[in-house]
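Below: one structure, written as structure tokens.
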Amino acid sequence: MRQEISFVEIAVIGGGPAGLCAALEAANAGARVTLLDRQDRLGGQLIKQTHRFFGSQSHRASERGINIAAELTGQVMSHPHIEALTGATVFGFYEDGVLGVEREGKIFFIKPARIIVATGAAEKTLAFPNNDLPGIYGAGAVQTLVNVYGVLPGKRVLMVGAGNIGVIVTYQLLQAGMEVAAIVEAAPKIGAYWVHAAKVRRAGVPIYTSHTIGRAYGTRQVEGAVIWQIDEQGQPVPGTEKDLVVDTICLSVGLSPLVELLAQAGCRLVYVPQLGGHVPLRDASLQTTVPGVYVAGDAAGVEEASAAMMEGALAGLHAAYSLGYNQTGYEARRAELQQQLDSLRSGPVGEKIRSGLSRAMIG
Amino acid sequence: MRIEQHPILEFKRGKKVKFTFDGQEYEGYEGETIAAALHAAGIRIMRESPVLHRPRGLFCAIGNCSSCLMTVNGEPNVRICVEKLRPGMVVESQKGKGVIYAPGN
């Protein structure tokens with residue numbers, strides 16, 4: 001069968017914060033962009049983030065993710081240089097730089113001159129007995145159910161992980177009317193920003209640090225969980241078991257970058273725990289080891305949405321520039337975006353990311 | 001359970017539609033995922049694992065992990081966390097890996 005291949009200038013894969021900003025930046029520079037997202041709606045994980053962001057004004061501080069998603073999506077949809085395809089899954093990256101796409105049961109192929117991979121990340125799970133029981137969810141999954149569809153997964157929940165996602169989702173579950181039995185955190189300290197942790201503590205939710213889930217139980221779905229304290233080696237401390245009657249367990253134990261397409265493209269990957277797992281090597285322009293293939297957002301290393309937006313914009317700018325667009329405004333804009341990204345990653349909060357990036361940067 | 005009152009969010013639900021789950025009739029809203037409609041009805045067990053026959057439910061809700069595969073309108077392995085509910089859908093728990101092209105069909 002003869003297959004038509006359409007040629008496009010820049011393909012952006014993934015319409016979350018990184019992909020939306022990449023598409024806008026490249027299109028504003030003058031390039032033609034095709035944005036592909038496998039979901040029916042653009043915005044990625046922003047569409048469920050009801051909390052206000054941190055950082056300075058240029059990082060969209062104090063705005064809620066849901067509003068940022070709506071604004072960026074509106075700009076993308078109305079941009080004359082952007083073709084946005086939702087419900088479009090990029091399933092393959094072929095040797096000659098051709099992308100295979102499935103949309104509404106039909107398959108088509110595109111050959112972009114530049115590709116920006118902004119596929120995001122997926123939630124990690126945790127090994128414990130019965131971790132496959134219905135009623136155990138990724139924290140982000142519950143956030144989707146509750147904040148996007150207005151449906152509660154159960155009545156009483158145990159949150160595993162006191163990083164930003166765990167604590168913020170806990171607060172959102174309280175807002176939505178769920179009872180939260182406890183948050184357990186394996187590390188000796190709460191990882192989340194203090195202001196979020198303080199909110200859930202004020203609401204009466206205990207946060208047990210140096211604790212983890214020992215097992216879940218239930219015949220067909222979750223009926224409870226046993227938690228215990230762990231020592232420095234991660235071993236349970238005898239006599240510290242607590243039995244919590246819960247019907248829901250949320251795992252907020254980190255995310256893994258979704259790098260399958262980058263791996264198919266032949267990009268060199270490196271395992272960097274600080275960035276969430278395997279990530280592509282990239283230079284300062286966010287180009288991977290495969291010329292013309294860029295990466296941005298959580299696929300480049302798990303970080304916050306504000307960083308993903310900056311990275312997306314940078315990748316979009318560089319991809320457009322490499323095609324000959326915006327030759328005059330490029331340097332000033334590049335310096336501005338890079339400076340914003342660096343300031344976001346500065347200080348003790350950015351320490352982990354900076355040390356991770358030092359292992360993923362080339363050139 | 002559905003949230004009726006929320007301090008920040010207002011849920012704009014679509015048209016009420018009927019669907020069946022394992023032969024029994026339920027109601028949900030057009031535009032929501034099958035997973036959301038099932039959870040609203042209190043159903044969290046979506047399939048049985050193919051080897052050990054353990055119950056499985058929703059995990060990632062972004063179409064990535066394959067935990068929630070069900071048979072929808074006769075088609076197996078549908079990711080119901082991203083598949084939208086439509087009127088009259090026949091949703092069934094999935095047992096085993098599902099057969100896409102049965103011989104003789």
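In the structure tokens, each chain is lettered A, B, ... as it comes, each chain's residues begin at 1, and ligands are numbered from 1 in order of appearance.
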
> Would you give me, as a PyMOL selection string, the residues in region 155-244 of chain A that DSSP reads as helix (DSSP H, G or I)?
Replying inline: chain A and resi 164-176+194-202

>> With 9 Å as the limit and counting only C-alpha atoms, what residues in chain B lie close to chain A? Please list them as a ChimeraX atom specification.
In response: /B:1-13,32-33,35-37,39-40,42,44-46,54-65,67,82

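If you look at CA of Val184 (chain A) and CA of Gly277 (chain A), they are 22.7 Å away from each other.
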
>> When you count only C-alpha atoms, which of these residues is closest to Val90 (chain B): B:Ala41, B:Gly14, B:Gln24, B:Tyr29?
In response: B:Gln24

> Can you list, as a PyMOL selection string, every protein, DNA or RNA residue that comes within 12 Å of Pro87 (chain B) when you count only C-alpha atoms, leaving out same-chain residues fewer than 4 positions away?
Replying inline: chain B and resi 14-20+25-32+34+37+73+91

Requested write-out: C-alpha atoms of the selected residues, as a tab-separated table (two decimals), in the first residue's frame:
chain	number	residue	atom	x	y	z
B	14	GLY	CA	-22.16	16.83	29.81
B	15	LYS	CA	-25.43	15.21	28.95
B	16	LYS	CA	-26.57	12.31	31.14
B	17	VAL	CA	-26.19	9.02	29.28
B	18	LYS	CA	-26.87	5.37	30.03
B	19	PHE	CA	-24.31	2.59	29.67
B	20	THR	CA	-23.99	-0.95	30.93
B	25	GLU	CA	-27.34	-0.37	33.57
B	26	TYR	CA	-25.66	2.76	34.94
B	27	GLU	CA	-25.70	6.48	34.25
B	28	GLY	CA	-22.78	8.74	33.54
B	29	TYR	CA	-22.04	11.97	31.74
B	30	GLU	CA	-21.00	12.39	28.16
B	31	GLY	CA	-17.46	13.76	27.92
B	32	GLU	CA	-16.15	12.07	31.04
B	34	ILE	CA	-15.42	5.54	31.34
B	37	ALA	CA	-18.28	7.11	35.27
B	73	ASN	CA	-18.51	-2.65	22.78
B	91	VAL	CA	-18.53	-2.05	29.18
